[in-house]
Amino acid sequence: MASSASPVFRAVRPYNHHNRLFSFWYSLDWELSEFGGDSEGVRVSPPGASATTFYAEVRELPMSVTSSDLSTLRTGLEQGLAKLTECHVESQNEHLDGDQLEFERIYRFHEASTVRKRHLLVYFKDRWQYNVVCQGATEEDFAYWLPMFDFMRLTFRLSGSDATSQFTPSPHLNALQT
């Protein structure tokens with residue numbers, strides 16, 4: 001899928017979680033699949049390229065997260081990344097806004113004898129954990145699809161939002177709006 005040309009949006013559409021837990025905009029021609037279980041979420045991918053994906057999920061936690069949990073959550077995130085084969089974190093960022101916590105990591109790792117690249121955003125808000133993933137099947141695919149990943153990531157909104165109600169990127173990390 002990698003090419004020197006940039007991907008082109010022909011049209012976009014909103015995705016609104018059925019319980020209004022999150023929303024975002026995505027390319028009309030990308031394939032969408034929803035899932036449930038312990039978490040609720042959605043995955044969108046370019047046609048025929050399921051290893052290249054934008055993935056958003058939400059989990060209800062057994063208790064509210066507060067700023068005092070920052071260190072514990074950071075340790076858990078680092079332990080999770082350490083389980084990936086040959087994981088190399090290229091950049092990391094954290095943001096604390098009251099009791100709303102955000103973690104951002106860009107990393108590459110080996111999976112199925114391929115080097116993949118991923119942009120991970122983890123938001124904690126009250127009793128909710130939101131995971132947003134932009135992943136390229138390869139590092140080259142990640143670079144090619146980055147403009148579309150950025151668009152979806154920047155239009156991602158947390159609970160209570162409808163994608164059609166606002167179309168403005170967030171002021172920091174990527175989209176926290178109540």
# chains A, B, ... in the order shown; residues from 1 in each chain; ligands from 1
>>> residues_around(residues="Asp99 in chain A", least_positions_apart="6", cutoff="9 Å", atoms="only C-alpha atoms", output="compact mmCIF listing (two decimals) with N, CA and C atoms, in the first residue's frame")
# COMPACT_ATOMS: atom_id res chain seq x y z
N VAL A 65 -10.47 6.78 38.08
CA VAL A 65 -9.04 7.06 38.01
C VAL A 65 -8.83 8.50 38.44
N THR A 66 -7.80 8.73 39.25
CA THR A 66 -7.45 10.08 39.70
C THR A 66 -5.99 10.35 39.36
N SER A 67 -5.58 11.59 39.53
CA SER A 67 -4.20 11.97 39.23
C SER A 67 -3.20 11.18 40.07
N SER A 68 -3.60 10.68 41.22
CA SER A 68 -2.68 9.89 42.05
C SER A 68 -2.37 8.53 41.43
N PHE A 124 -7.74 8.36 30.27
CA PHE A 124 -8.49 7.92 31.45
C PHE A 124 -9.32 9.10 31.91
N LYS A 125 -10.62 8.85 32.03
CA LYS A 125 -11.55 9.89 32.45
C LYS A 125 -12.59 9.24 33.36
N ASP A 126 -12.54 9.58 34.63
CA ASP A 126 -13.44 9.03 35.64
C ASP A 126 -13.30 7.50 35.66
>>> residues_around(residues="Val133 in chain A", least_positions_apart="3", cutoff="12 Å", atoms="only C-alpha atoms", output="MDAnalysis selection string")
chainID A and resid 41:45 51:58 103:107 117:123 130 136 142 146 149:150 152:153 156
>>> write_last_selection(atoms="C-alpha atoms", output="PDB file, in the first residue's frame")
ATOM      1  CA  GLY A  41     -14.978  -0.402  20.092  1.00  0.00           C
ATOM      2  CA  VAL A  42     -14.601  -0.052  16.400  1.00  0.00           C
ATOM      3  CA  ARG A  43     -11.905  -0.626  13.822  1.00  0.00           C
ATOM      4  CA  VAL A  44     -11.646   1.090  10.446  1.00  0.00           C
ATOM      5  CA  SER A  45      -9.157   0.043   7.776  1.00  0.00           C
ATOM      6  CA  ALA A  51      -3.279  -4.779   9.423  1.00  0.00           C
ATOM      7  CA  THR A  52      -3.379  -1.035   8.714  1.00  0.00           C
ATOM      8  CA  THR A  53      -6.036   0.276  11.031  1.00  0.00           C
ATOM      9  CA  PHE A  54      -7.522   3.009  13.168  1.00  0.00           C
ATOM     10  CA  TYR A  55      -8.908   1.418  16.288  1.00  0.00           C
ATOM     11  CA  ALA A  56     -10.883   3.014  19.131  1.00  0.00           C
ATOM     12  CA  GLU A  57     -12.196   1.250  22.192  1.00  0.00           C
ATOM     13  CA  VAL A  58     -13.606   2.124  25.595  1.00  0.00           C
ATOM     14  CA  PHE A 103      -0.673   8.837  27.586  1.00  0.00           C
ATOM     15  CA  GLU A 104       0.732   8.960  24.077  1.00  0.00           C
ATOM     16  CA  ARG A 105       3.323   6.576  22.627  1.00  0.00           C
ATOM     17  CA  ILE A 106       4.642   6.138  19.091  1.00  0.00           C
ATOM     18  CA  TYR A 107       6.529   2.889  18.665  1.00  0.00           C
ATOM     19  CA  LYS A 117       4.464   1.080  13.528  1.00  0.00           C
ATOM     20  CA  ARG A 118       1.791   2.289  15.916  1.00  0.00           C
ATOM     21  CA  HIS A 119       0.591   5.530  17.495  1.00  0.00           C
ATOM     22  CA  LEU A 120      -1.166   4.756  20.785  1.00  0.00           C
ATOM     23  CA  LEU A 121      -3.261   7.187  22.802  1.00  0.00           C
ATOM     24  CA  VAL A 122      -4.716   6.126  26.141  1.00  0.00           C
ATOM     25  CA  TYR A 123      -7.148   8.422  27.947  1.00  0.00           C
ATOM     26  CA  TYR A 130     -10.219   4.992  26.014  1.00  0.00           C
ATOM     27  CA  GLY A 136       0.463   0.730   9.792  1.00  0.00           C
ATOM     28  CA  PHE A 142       2.154   4.016   8.630  1.00  0.00           C
ATOM     29  CA  LEU A 146      -0.416   9.219   8.525  1.00  0.00           C
ATOM     30  CA  PHE A 149      -4.688   8.685  10.850  1.00  0.00           C
ATOM     31  CA  ASP A 150      -4.095  12.251  12.027  1.00  0.00           C
ATOM     32  CA  MET A 152      -9.297  10.543  12.606  1.00  0.00           C
ATOM     33  CA  ARG A 153      -7.227  11.020  15.742  1.00  0.00           C
ATOM     34  CA  PHE A 156     -11.821  11.750  18.102  1.00  0.00           C
TER      35      PHE A 156
END
>>> closest_residue(among="A:Leu154, A:Pro46, A:Leu32, A:Leu70", to="Asp97 in chain A", atoms="only C-alpha atoms")
A:Leu70
>>> residues_around(residues="Thr114 in chain A", least_positions_apart="5", cutoff="12 Å", atoms="only C-alpha atoms", output="PyMOL selection string")
chain A and resi 51+85-86+108-109+136-141
>>> select_by_dssp(residues="range 70-151 of chain A", states="helix (DSSP H, G or I)", output="NGL selection string")
:A and (70-82 or 139-151)
>>> atom_distance(atom1="CA of Pro7 in chain A", atom2="CA of Trp145 in chain A")
6.4 Å
>>> closest_residue(among="A:Gln92, A:Gln129, A:Ser6, A:Phe151", to="Glu78 in chain A", atoms="only C-alpha atoms")
A:Gln92
>>> atom_distance(atom1="CA of Phe9 in chain A", atom2="CA of Ser50 in chain A")
18.2 Å
>>> closest_residue(among="A:Met63, A:Val8, A:Glu40, A:Lys83", to="Arg20 in chain A", atoms="only C-alpha atoms")
A:Glu40
>>> atom_distance(atom1="CA of Cys87 in chain A", atom2="CA of Val115 in chain A")
9.4 Å
